[in-house]
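Content type CSV, C-alpha atoms, from the file final.csv:
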chain,number,residue,atom,x,y,z
Z,1,MET,CA,117.3,209.3,-116.6
Z,2,TYR,CA,115.9,208.8,-120.0
Z,3,PHE,CA,112.3,209.9,-119.5
Z,4,PHE,CA,110.8,212.6,-117.4
Z,5,SER,CA,108.1,213.0,-114.9
Z,6,PHE,CA,104.6,212.6,-116.3
Z,7,PHE,CA,102.0,215.2,-115.8
Z,8,PHE,CA,98.7,214.1,-117.2
Z,9,PHE,CA,99.1,210.3,-117.6
Z,10,VAL,CA,96.0,208.2,-116.8
Z,11,ILE,CA,96.6,204.4,-117.4
Z,12,GLN,CA,93.9,202.0,-118.3
Z,13,ASN,CA,94.3,198.3,-117.2
Z,14,GLY,CA,92.9,197.0,-120.5
Z,15,PHE,CA,91.8,193.5,-119.6
Z,16,ASN,CA,90.6,191.4,-116.7
Z,17,TRP,CA,91.2,187.8,-115.7
Z,18,GLU,CA,88.5,186.5,-118.0
Z,19,SER,CA,89.5,188.5,-121.1
Z,20,SER,CA,91.4,185.6,-122.7
Z,21,ASN,CA,88.2,183.6,-122.7
Z,22,LYS,CA,86.2,186.2,-124.6
Z,23,GLY,CA,87.5,185.3,-128.1
Z,24,GLY,CA,89.3,188.1,-130.0
Z,25,TRP,CA,90.0,190.4,-127.1
Z,26,TYR,CA,92.3,192.7,-129.1
Z,27,ASN,CA,89.4,193.4,-131.6
Z,28,LEU,CA,86.9,193.9,-128.8
Z,29,LEU,CA,89.2,196.4,-127.0
Z,30,LYS,CA,89.8,198.2,-130.3
Z,31,ASN,CA,86.1,199.0,-130.5
Z,32,SER,CA,86.4,200.6,-127.0
Z,33,ILE,CA,89.2,203.1,-128.1
Z,34,PRO,CA,86.8,206.1,-128.5
Z,35,ASN,CA,85.5,205.5,-125.0
Z,36,LEU,CA,89.1,205.3,-123.7
Z,37,ALA,CA,90.0,208.5,-125.4
Z,38,ASN,CA,87.0,210.3,-124.1
Z,39,ALA,CA,87.9,209.2,-120.6
Z,40,GLY,CA,91.2,210.9,-120.8
Z,41,ILE,CA,93.2,207.6,-121.0
Z,42,THR,CA,96.8,208.2,-122.1
Z,43,HIS,CA,98.3,204.7,-121.8
Z,44,VAL,CA,96.7,201.2,-122.0
Z,45,TRP,CA,98.3,198.3,-120.2
Z,46,LEU,CA,97.7,195.3,-122.5
Z,47,PRO,CA,97.9,191.6,-121.4
Z,48,PRO,CA,101.0,189.4,-121.9
Z,49,PRO,CA,101.2,189.0,-125.7
Z,50,SER,CA,103.1,185.7,-126.1
Z,51,GLN,CA,102.2,182.0,-126.3
Z,52,SER,CA,101.5,180.7,-122.8
Z,53,ILE,CA,100.3,177.4,-121.3
Z,54,ALA,CA,97.9,179.5,-119.1
Z,55,PRO,CA,95.4,181.4,-121.2
Z,56,GLN,CA,95.8,184.7,-119.4
Z,57,GLY,CA,99.4,184.8,-120.6
Z,58,TYR,CA,101.3,184.6,-117.3
Z,59,MET,CA,103.0,181.2,-118.0
Z,60,PRO,CA,104.8,182.2,-121.2
Z,61,GLY,CA,107.0,180.0,-123.3
Z,62,ARG,CA,107.6,180.9,-127.0
Z,63,LEU,CA,108.1,184.7,-126.4
Z,64,TYR,CA,108.3,185.6,-130.0
Z,65,ASP,CA,105.1,183.7,-130.9
Z,66,LEU,CA,102.3,186.2,-130.7
Z,67,ASP,CA,99.9,184.3,-132.9
Z,68,ALA,CA,99.3,181.6,-130.2
Z,69,SER,CA,97.9,184.2,-127.7
Z,70,LYS,CA,94.4,183.6,-126.5
Z,71,TYR,CA,93.8,187.4,-126.9
Z,72,GLY,CA,94.2,187.4,-130.6
Z,73,SER,CA,96.8,187.3,-133.4
Z,74,LYS,CA,100.0,189.3,-133.9
Z,75,ASP,CA,98.4,191.3,-136.7
Z,76,GLU,CA,95.3,192.0,-134.6
Z,77,LEU,CA,97.6,193.2,-131.8
Z,78,LYS,CA,99.5,195.5,-134.2
Z,79,SER,CA,96.2,196.8,-135.5
Z,80,LEU,CA,95.0,197.5,-132.0
Z,81,ILE,CA,98.2,199.4,-131.0
Z,82,ALA,CA,98.1,201.4,-134.3
Z,83,ALA,CA,94.5,202.4,-133.6
Z,84,LEU,CA,95.5,203.5,-130.0
Z,85,HIS,CA,98.3,205.6,-131.4
Z,86,GLU,CA,95.9,207.3,-133.8
Z,87,LYS,CA,94.0,208.5,-130.7
Z,88,GLY,CA,97.2,209.6,-129.0
Z,89,ILE,CA,97.1,206.6,-126.6
Z,90,LYS,CA,100.3,204.6,-125.9
Z,91,ALA,CA,100.5,200.8,-125.3
Z,92,LEU,CA,102.2,199.1,-122.4
Z,93,ALA,CA,103.2,195.4,-122.7
Z,94,ASP,CA,102.9,193.1,-119.7
Z,95,ILE,CA,106.4,191.7,-119.5
Z,96,VAL,CA,106.5,188.3,-117.8
Z,97,ILE,CA,110.1,187.3,-117.7
Z,98,ASN,CA,110.8,186.0,-114.1
Z,99,HIS,CA,109.8,182.5,-115.2
Z,100,ARG,CA,109.2,180.6,-118.4
Z,101,THR,CA,107.6,177.4,-119.5
Z,102,ALA,CA,109.6,174.9,-121.5
Z,103,GLU,CA,108.8,173.5,-125.0
Z,104,LYS,CA,110.4,170.0,-124.5
Z,105,GLN,CA,111.9,167.7,-122.0
Z,106,ASP,CA,115.6,167.0,-121.8
Z,107,GLY,CA,117.3,163.6,-121.5
Z,108,ARG,CA,116.4,163.5,-117.8
Z,109,GLY,CA,112.7,163.9,-118.6
Z,110,ILE,CA,112.6,167.4,-117.2
Z,111,TRP,CA,110.7,170.2,-118.9
Z,112,CYS,CA,113.6,172.6,-119.4
Z,113,ILE,CA,114.2,173.0,-123.1
Z,114,PHE,CA,112.9,176.4,-124.2
Z,115,GLU,CA,111.9,177.5,-127.7
Z,116,GLY,CA,111.9,181.2,-128.6
Z,117,GLY,CA,109.3,181.0,-131.3
Z,118,THR,CA,111.5,181.9,-134.3
Z,119,PRO,CA,113.4,179.8,-136.9
Z,120,ASP,CA,116.7,180.9,-135.5
Z,121,GLY,CA,118.1,180.3,-132.0
Z,122,ARG,CA,116.8,183.4,-130.2
Z,123,LEU,CA,115.6,182.5,-126.8
Z,124,ASP,CA,116.3,178.8,-127.4
Z,125,TRP,CA,117.6,177.9,-124.0
Z,126,GLY,CA,118.4,174.9,-121.9
Z,127,PRO,CA,118.5,174.0,-118.2
Z,128,SER,CA,121.7,176.1,-117.7
Z,129,PHE,CA,119.5,179.2,-118.1
Z,130,ILE,CA,117.5,178.2,-115.1
Z,131,CYS,CA,118.5,179.4,-111.6
Z,132,LYS,CA,120.6,176.7,-110.0
Z,133,ASP,CA,118.5,176.6,-106.8
Z,134,ASP,CA,115.3,175.9,-108.8
Z,135,THR,CA,116.3,172.3,-108.4
Z,136,ALA,CA,113.1,170.9,-109.9
Z,137,TYR,CA,114.2,172.1,-113.3
Z,138,SER,CA,117.8,173.3,-113.2
Z,139,ASP,CA,120.9,171.2,-114.1
Z,140,GLY,CA,122.8,173.1,-111.3
Z,141,THR,CA,125.0,175.2,-113.6
Z,142,GLY,CA,123.1,178.5,-113.5
Z,143,ASN,CA,123.5,181.3,-111.0
Z,144,PRO,CA,121.5,181.3,-107.8
Z,145,ASP,CA,118.1,183.1,-108.0
Z,146,SER,CA,118.6,186.8,-107.3
Z,147,GLY,CA,115.0,187.2,-106.1
Z,148,GLU,CA,112.0,185.2,-104.8
Z,149,ASP,CA,111.1,181.8,-106.1
Z,150,PHE,CA,108.0,181.6,-108.3
Z,151,GLY,CA,107.2,177.9,-107.9
Z,152,GLY,CA,104.9,177.4,-110.8
Z,153,ALA,CA,107.5,177.3,-113.6
Z,154,PRO,CA,111.3,177.4,-114.1
Z,155,ASP,CA,112.9,180.6,-112.7
Z,156,ILE,CA,115.1,182.2,-115.3
Z,157,ASP,CA,118.7,183.1,-114.4
Z,158,HIS,CA,118.7,186.9,-115.1
Z,159,VAL,CA,122.3,187.2,-114.0
Z,160,ASN,CA,123.3,185.4,-117.2
Z,161,PRO,CA,124.4,188.0,-119.7
Z,162,GLN,CA,122.9,186.1,-122.6
Z,163,VAL,CA,119.5,186.1,-120.9
Z,164,GLN,CA,119.7,189.9,-120.4
Z,165,LYS,CA,120.8,190.4,-124.0
Z,166,GLU,CA,118.2,188.2,-125.6
Z,167,LEU,CA,115.3,189.4,-123.4
Z,168,SER,CA,116.3,193.0,-124.1
Z,169,GLU,CA,116.3,192.2,-127.8
Z,170,TRP,CA,112.8,190.7,-127.6
Z,171,MET,CA,111.5,193.8,-125.7
Z,172,ASN,CA,113.0,196.1,-128.3
Z,173,TRP,CA,111.4,193.9,-131.0
Z,174,LEU,CA,108.0,194.5,-129.2
Z,175,LYS,CA,108.7,198.2,-129.6
Z,176,THR,CA,109.9,198.3,-133.2
Z,177,GLU,CA,107.9,195.5,-134.8
Z,178,ILE,CA,104.7,195.5,-132.8
Z,179,GLY,CA,104.5,199.1,-131.7
Z,180,PHE,CA,104.6,198.9,-127.9
Z,181,ASP,CA,105.7,202.1,-126.1
Z,182,GLY,CA,106.5,200.8,-122.6
Z,183,TRP,CA,106.3,198.0,-120.0
Z,184,ARG,CA,104.5,196.7,-117.0
Z,185,PHE,CA,107.0,194.4,-115.3
Z,186,ASP,CA,105.3,191.4,-113.8
Z,187,PHE,CA,106.5,189.9,-110.4
Z,188,VAL,CA,109.6,192.0,-110.1
Z,189,LYS,CA,110.3,190.4,-106.7
Z,190,GLY,CA,111.4,187.4,-108.7
Z,191,TYR,CA,114.8,188.9,-109.6
Z,192,ALA,CA,117.1,191.6,-108.2
Z,193,SER,CA,116.0,195.2,-108.7
Z,194,SER,CA,119.4,195.8,-110.4
Z,195,ILE,CA,118.1,193.5,-113.2
Z,196,THR,CA,115.1,195.7,-113.8
Z,197,LYS,CA,117.6,198.6,-114.1
Z,198,VAL,CA,119.4,196.6,-116.9
Z,199,TYR,CA,116.2,196.1,-118.9
Z,200,MET,CA,115.2,199.7,-118.4
Z,201,GLU,CA,118.6,200.9,-119.7
Z,202,GLN,CA,118.7,198.5,-122.6
Z,203,THR,CA,115.1,199.1,-123.8
Z,204,LYS,CA,114.4,202.7,-122.9
Z,205,PRO,CA,110.6,202.6,-122.6
Z,206,ASP,CA,108.5,205.7,-122.8
Z,207,PHE,CA,106.9,204.5,-119.5
Z,208,ALA,CA,107.4,201.5,-117.2
Z,209,VAL,CA,105.8,200.3,-114.0
Z,210,GLY,CA,106.7,197.4,-111.8
Z,211,GLU,CA,104.5,195.0,-109.8
Z,212,ASN,CA,106.2,194.8,-106.4
Z,213,TRP,CA,103.3,193.4,-104.3
Z,214,ASN,CA,104.1,192.8,-100.6
Z,215,SER,CA,101.6,192.5,-97.8
Z,216,LEU,CA,100.9,195.4,-95.5
Z,217,SER,CA,101.5,195.0,-91.8
Z,218,TYR,CA,98.3,194.1,-89.9
Z,219,GLY,CA,97.3,194.3,-86.3
Z,220,ASP,CA,94.6,192.7,-84.2
Z,221,GLY,CA,91.3,192.2,-86.0
Z,222,GLY,CA,92.9,191.9,-89.4
Z,223,LYS,CA,93.0,195.6,-90.0
Z,224,PRO,CA,96.1,197.3,-91.4
Z,225,ASN,CA,98.3,199.0,-88.9
Z,226,PRO,CA,98.0,202.8,-89.0
Z,227,ASN,CA,101.7,203.3,-89.9
Z,228,GLN,CA,102.7,201.6,-93.2
Z,229,ASP,CA,106.0,203.5,-93.7
Z,230,ALA,CA,108.0,200.3,-93.9
Z,231,HIS,CA,105.8,199.1,-96.7
Z,232,ARG,CA,106.1,202.3,-98.8
Z,233,ASN,CA,109.8,202.6,-98.1
Z,234,ALA,CA,110.3,199.2,-99.5
Z,235,LEU,CA,108.8,200.4,-102.8
Z,236,VAL,CA,111.1,203.4,-102.7
Z,237,ASP,CA,114.1,201.2,-102.2
Z,238,TRP,CA,113.1,199.0,-105.2
Z,239,ILE,CA,112.6,202.1,-107.4
Z,240,GLN,CA,116.0,203.6,-106.5
Z,241,ALA,CA,117.8,200.3,-106.9
Z,242,ALA,CA,116.1,199.8,-110.3
Z,243,GLY,CA,117.6,203.1,-111.5
Z,244,GLY,CA,115.0,205.6,-110.4
Z,245,ALA,CA,113.3,205.8,-113.8
Z,246,VAL,CA,110.8,203.0,-113.4
Z,247,THR,CA,107.5,203.6,-111.5
Z,248,ALA,CA,105.8,201.2,-109.1
Z,249,PHE,CA,102.2,200.3,-108.4
Z,250,ASP,CA,101.3,202.0,-105.1
Z,251,PHE,CA,100.1,199.0,-103.2
Z,252,THR,CA,100.5,201.0,-100.0
Z,253,THR,CA,97.9,203.6,-101.1
Z,254,LYS,CA,95.5,200.8,-102.3
Z,255,GLY,CA,95.7,198.9,-99.0
Z,256,ILE,CA,95.3,202.0,-96.8
Z,257,LEU,CA,92.6,203.6,-99.0
Z,258,GLN,CA,90.4,200.5,-99.1
Z,259,ALA,CA,90.5,200.2,-95.3
Z,260,ALA,CA,90.0,204.0,-94.9
Z,261,VAL,CA,86.7,204.1,-96.9
Z,262,GLU,CA,85.2,201.7,-94.4
Z,263,GLY,CA,84.6,204.5,-91.9
Z,264,GLU,CA,88.2,205.1,-91.1
Z,265,LEU,CA,89.2,208.0,-93.3
Z,266,TRP,CA,91.6,209.2,-90.6
Z,267,ARG,CA,94.0,206.7,-92.1
Z,268,LEU,CA,94.6,209.0,-95.1
Z,269,LYS,CA,97.0,211.3,-93.3
Z,270,ASP,CA,100.4,210.2,-92.1
Z,271,SER,CA,102.4,211.6,-89.1
Z,272,ASN,CA,103.7,214.4,-91.3
Z,273,GLY,CA,100.3,215.4,-92.5
Z,274,LYS,CA,100.8,214.0,-95.9
Z,275,PRO,CA,99.2,211.1,-97.9
Z,276,PRO,CA,100.3,207.8,-96.2
Z,277,GLY,CA,101.1,205.8,-99.4
Z,278,LEU,CA,103.9,206.0,-101.9
Z,279,ILE,CA,102.3,209.2,-103.2
Z,280,GLY,CA,103.2,210.9,-99.9
Z,281,ILE,CA,106.9,210.5,-100.3
Z,282,LYS,CA,107.7,209.7,-104.0
Z,283,PRO,CA,104.6,210.6,-106.1
Z,284,GLU,CA,106.5,211.0,-109.3
Z,285,ASN,CA,107.2,207.2,-109.3
Z,286,ALA,CA,103.8,206.1,-107.9
Z,287,VAL,CA,101.1,204.4,-110.0
Z,288,THR,CA,97.9,204.5,-108.0
Z,289,PHE,CA,95.0,202.0,-108.6
Z,290,ILE,CA,91.8,200.7,-107.1
Z,291,ASP,CA,91.8,197.2,-108.5
Z,292,ASN,CA,93.4,195.1,-111.3
Z,293,HIS,CA,93.0,191.7,-112.9
Z,294,ASP,CA,94.6,190.1,-109.8
Z,295,THR,CA,93.1,192.1,-106.9
Z,296,GLY,CA,89.7,192.3,-108.5
Z,297,SER,CA,88.0,190.7,-111.5
Z,298,THR,CA,87.0,187.0,-110.8
Z,299,GLN,CA,90.2,186.4,-108.8
Z,300,LYS,CA,89.3,188.9,-106.1
Z,301,LEU,CA,92.6,188.4,-104.3
Z,302,TRP,CA,92.4,191.8,-102.5
Z,303,PRO,CA,89.3,193.6,-103.8
Z,304,PHE,CA,88.4,197.2,-103.0
Z,305,PRO,CA,85.0,197.5,-101.3
Z,306,SER,CA,82.6,197.4,-104.3
Z,307,ASP,CA,80.2,200.0,-102.9
Z,308,LYS,CA,83.1,202.4,-102.2
Z,309,VAL,CA,84.9,202.2,-105.6
Z,310,ILE,CA,83.8,205.6,-106.8
Z,311,GLN,CA,85.3,207.2,-103.6
Z,312,GLY,CA,88.5,205.4,-104.4
Z,313,TYR,CA,88.6,207.0,-107.9
Z,314,ALA,CA,87.7,210.4,-106.4
Z,315,TYR,CA,90.8,210.1,-104.4
Z,316,ILE,CA,93.4,208.7,-106.9
Z,317,LEU,CA,92.2,210.8,-109.8
Z,318,THR,CA,92.6,214.1,-107.9
Z,319,HIS,CA,95.8,213.2,-106.1
Z,320,PRO,CA,99.4,213.1,-107.3
Z,321,GLY,CA,100.9,210.0,-108.8
Z,322,THR,CA,99.9,208.4,-112.1
Z,323,PRO,CA,96.3,206.9,-111.7
Z,324,SER,CA,95.3,203.7,-113.3
Z,325,ILE,CA,91.6,202.8,-114.0
Z,326,PHE,CA,90.5,199.1,-114.1
Z,327,TYR,CA,88.7,197.8,-117.2
Z,328,ASP,CA,85.9,196.3,-115.2
Z,329,HIS,CA,85.1,199.5,-113.4
Z,330,LEU,CA,85.0,201.5,-116.6
Z,331,PHE,CA,83.1,199.0,-118.8
Z,332,ASP,CA,81.7,195.9,-117.1
Z,333,TRP,CA,79.9,197.2,-114.0
Z,334,GLY,CA,76.5,197.4,-115.7
Z,335,LEU,CA,74.0,197.8,-112.7
Z,336,LYS,CA,72.3,201.1,-112.6
Z,337,ASP,CA,74.0,202.4,-109.5
Z,338,GLU,CA,77.4,201.4,-110.9
Z,339,ILE,CA,76.7,203.0,-114.3
Z,340,SER,CA,76.3,206.4,-112.6
Z,341,LYS,CA,79.6,205.9,-110.9
Z,342,LEU,CA,81.3,205.0,-114.2
Z,343,THR,CA,79.8,208.0,-115.9
Z,344,ALA,CA,81.3,210.1,-113.1
Z,345,ILE,CA,84.7,208.5,-113.5
Z,346,SER,CA,85.1,210.0,-117.0
Z,347,THR,CA,84.8,213.5,-115.6
Z,348,PHE,CA,87.9,213.2,-113.3
Z,349,PRO,CA,90.6,213.1,-116.0
Z,350,THR,CA,89.2,216.3,-117.4
Z,351,ILE,CA,89.4,218.0,-113.9
Z,352,ARG,CA,92.8,216.5,-113.5
Z,353,SER,CA,94.2,217.9,-116.8
Z,354,ARG,CA,92.3,221.1,-116.8
Z,355,ASN,CA,93.9,222.0,-113.4
Z,356,GLY,CA,97.3,220.6,-114.2
Z,357,ILE,CA,97.1,218.0,-111.4
Z,358,ASN,CA,100.3,216.0,-112.0
Z,359,THR,CA,102.6,213.4,-110.5
Z,360,GLN,CA,104.2,216.0,-108.1
Z,361,SER,CA,101.1,218.0,-107.1
Z,362,ILE,CA,101.0,219.3,-103.6
Z,363,VAL,CA,98.3,217.9,-101.3
Z,364,ASN,CA,97.1,220.0,-98.4
Z,365,ILE,CA,94.9,217.8,-96.1
Z,366,LEU,CA,92.2,219.9,-94.6
Z,367,ALA,CA,90.3,217.1,-92.7
Z,368,SER,CA,90.9,213.5,-92.0
Z,369,ASP,CA,88.3,212.1,-89.7
Z,370,ALA,CA,86.4,208.8,-89.5
Z,371,ASP,CA,83.7,210.0,-91.8
Z,372,LEU,CA,85.3,212.8,-93.8
Z,373,TYR,CA,88.4,213.4,-95.8
Z,374,VAL,CA,89.0,216.8,-97.4
Z,375,ALA,CA,92.1,217.9,-99.3
Z,376,GLY,CA,93.2,220.7,-101.5
Z,377,ILE,CA,95.5,220.0,-104.4
Z,378,ASP,CA,97.8,222.7,-105.8
Z,379,ASP,CA,95.4,225.3,-104.4
Z,380,LYS,CA,93.3,224.6,-107.6
Z,381,ILE,CA,90.8,222.0,-106.5
Z,382,ILE,CA,89.3,220.7,-103.3
Z,383,MET,CA,87.9,217.2,-103.0
Z,384,LYS,CA,86.1,215.3,-100.3
Z,385,ILE,CA,85.1,211.7,-99.7
Z,386,GLY,CA,83.1,210.2,-96.9
Z,387,PRO,CA,79.4,210.4,-95.8
Z,388,LYS,CA,79.7,213.6,-93.8
Z,389,THR,CA,78.2,216.6,-95.6
Z,390,ASP,CA,78.8,219.4,-93.1
Z,391,LEU,CA,82.2,220.8,-94.1
Z,392,GLY,CA,81.9,224.0,-92.2
Z,393,SER,CA,84.2,226.6,-93.7
Z,394,LEU,CA,86.6,224.1,-95.3
Z,395,VAL,CA,85.6,225.0,-98.9
Z,396,PRO,CA,86.0,228.8,-99.6
Z,397,SER,CA,83.3,230.7,-101.5
Z,398,ASN,CA,85.5,231.1,-104.6
Z,399,PHE,CA,85.3,227.3,-105.3
Z,400,GLU,CA,82.4,225.7,-107.2
Z,401,VAL,CA,81.3,222.1,-107.5
Z,402,ALA,CA,82.9,220.4,-110.6
Z,403,ALA,CA,81.8,216.8,-109.9
Z,404,SER,CA,79.8,215.0,-107.3
Z,405,GLY,CA,78.2,211.7,-106.5
Z,406,LYS,CA,77.6,209.3,-103.6
Z,407,ASP,CA,79.9,210.4,-100.8
Z,408,TYR,CA,82.3,212.4,-102.9
Z,409,THR,CA,82.6,216.0,-104.3
Z,410,VAL,CA,85.2,217.9,-106.2
Z,411,TRP,CA,85.4,221.6,-106.3
Z,412,GLU,CA,87.3,223.9,-108.7
Z,413,LYS,CA,88.4,227.4,-108.1
Z,414,LYS,CA,86.1,229.8,-110.0

Represent the structure of the file as structure tokens.
Amino acid sequence: MYFFSFFFFVIQNGFNWESSNKGGWYNLLKNSIPNLANAGITHVWLPPPSQSIAPQGYMPGRLYDLDASKYGSKDELKSLIAALHEKGIKALADIVINHRTAEKQDGRGIWCIFEGGTPDGRLDWGPSFICKDDTAYSDGTGNPDSGEDFGGAPDIDHVNPQVQKELSEWMNWLKTEIGFDGWRFDFVKGYASSITKVYMEQTKPDFAVGENWNSLSYGDGGKPNPNQDAHRNALVDWIQAAGGAVTAFDFTTKGILQAAVEGELWRLKDSNGKPPGLIGIKPENAVTFIDNHDTGSTQKLWPFPSDKVIQGYAYILTHPGTPSIFYDHLFDWGLKDEISKLTAISTFPTIRSRNGINTQSIVNILASDADLYVAGIDDKIIMKIGPKTDLGSLVPSNFEVAASGKDYTVWEKK
């Protein structure tokens, strides 16, 4: 393993679904760096940097062409990352490599001729670099797809050694030339987990996280089943098959937590008395989050209850794992009641770092009822979420309030 467990990392999802439409997003984000530093942010996840037929960057084509991005120019990106580094904040690139859009049509009239974005032949591919079972684009000579089909663009054959070599070279160029420190791998279900292991080994990022988004299991009434062990175990299987160094977004915790805050906080304890998400079994590889550009923002594919967001942050910012804060929650929720929540968010990283809460902190769940969840972390802090205010003797007299707001409180040992 070539990087170690992370103790005080707090990730910022540095964009939303509409950021590409703002004009000069890199420069706008650069102006927010003091606020990011004050909030305890250690890593910023930036949007896909390459030319893309979709403005958000998730349909990339000329991977080396960073001047065609709707977020800004290559030089503006380098300036942003340099400014982040000056504040001790590292930059994660959104790596979209499962699929790719073509530059030209071949003799069949199929869009399958790729251009890398350089004067030489790097990433200049043809139909043989497309998975053979992606019949809408492939010429049938590539390898079968090692993962799920994407559908919206040609699926790249990641079994091909040239693909692995040239994509690794491109990622290493993003590190050495642009300044990126690590990766957020998009749609990792699109290729075998062993392929992620290859890219990890060949690029050696400071930090990397994969988006392995699968549906929870649901019962009658559309609510998640109480036991989501199969869901989180699938994340563990992917992490281990990908080499064990990469982290994964903890979709299990998100799904359970956003159901739990709706009067079902009993969900936050598994049958072993531990947190029920990935953080309950492999917290050192879990990246927790409340929402991102897909689940929230204007897409709202799986949004956290908007009036309970601060409870969600009270949970993930005091619990093990590596927490990630969504841009919208930190900057864009401008109503008065939301401003107070956002102000409170900035206190949590301080509590987290001051008490050494880290990826492998120990959680002792003291109460997990419908209207109250109380947990001690490392015997240094106690937190509660839920509307119930009578905690009885759960909080010892040698603890004092460090932060509080609507339906949450955090205590520190005196």

- prompt: Within 12 Å of Gln299 of chain Z, counting all atoms listed in the file, which residues qualify if same-chain residues fewer than 5 places away don't, as a VMD selection string?
  reply: chain Z and resid 16 to 18 291 to 294

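With only C-alpha atoms as the atoms that count, the minimum distance from Asp139 of chain Z to the choices Z:Gly88, Z:Pro305, Z:Gly386, Z:Gly109 is reached by Z:Gly109.
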
Proximity check segment 205-302 of chain Z to segment 31-55 of chain Z, 12 Å, nearest pairs one decimal Å, all atoms listed in the file, as JSON lines:
{"residue": "Z:Asp206", "atom": "CA", "partner": "Z:His43", "partner_atom": "CA", "distance": 10.3}
{"residue": "Z:Phe207", "atom": "CA", "partner": "Z:His43", "partner_atom": "CA", "distance": 8.9}
{"residue": "Z:Ala208", "atom": "CA", "partner": "Z:Trp45", "partner_atom": "CA", "distance": 10.1}
{"residue": "Z:Val209", "atom": "CA", "partner": "Z:Trp45", "partner_atom": "CA", "distance": 9.9}
{"residue": "Z:Gly210", "atom": "CA", "partner": "Z:Trp45", "partner_atom": "CA", "distance": 11.9}
{"residue": "Z:Asn292", "atom": "CA", "partner": "Z:Trp45", "partner_atom": "CA", "distance": 10.7}
{"residue": "Z:His293", "atom": "CA", "partner": "Z:Pro47", "partner_atom": "CA", "distance": 9.8}

message: Can you tell me which residues surround segment 71-76 of chain Z at a distance of at most 6 Å, considering only C-alpha atoms, apart from same-chain residues fewer than 4 positions away, and format the answer as a PyMOL selection string?
response: chain Z and resi 20+24-26+66-67

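Take atom CA of Thr118 of chain Z and atom CA of Phe15 of chain Z: the distance between them is 27.2 Å.
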
- request: With a distance cut-off of 7 Å and all atoms listed in the file, select the neighbouring residues of segment 143-159 of chain Z, excluding the residue or stretch itself and same-chain residues fewer than 4 positions from it, and output the selection as a PyMOL selection string.
  value: chain Z and resi 98-101+129-134+137+163-164+189-192+195

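Atom CA of Tyr373 of chain Z is found 10.9 Å from atom CA of Leu394 of chain Z.
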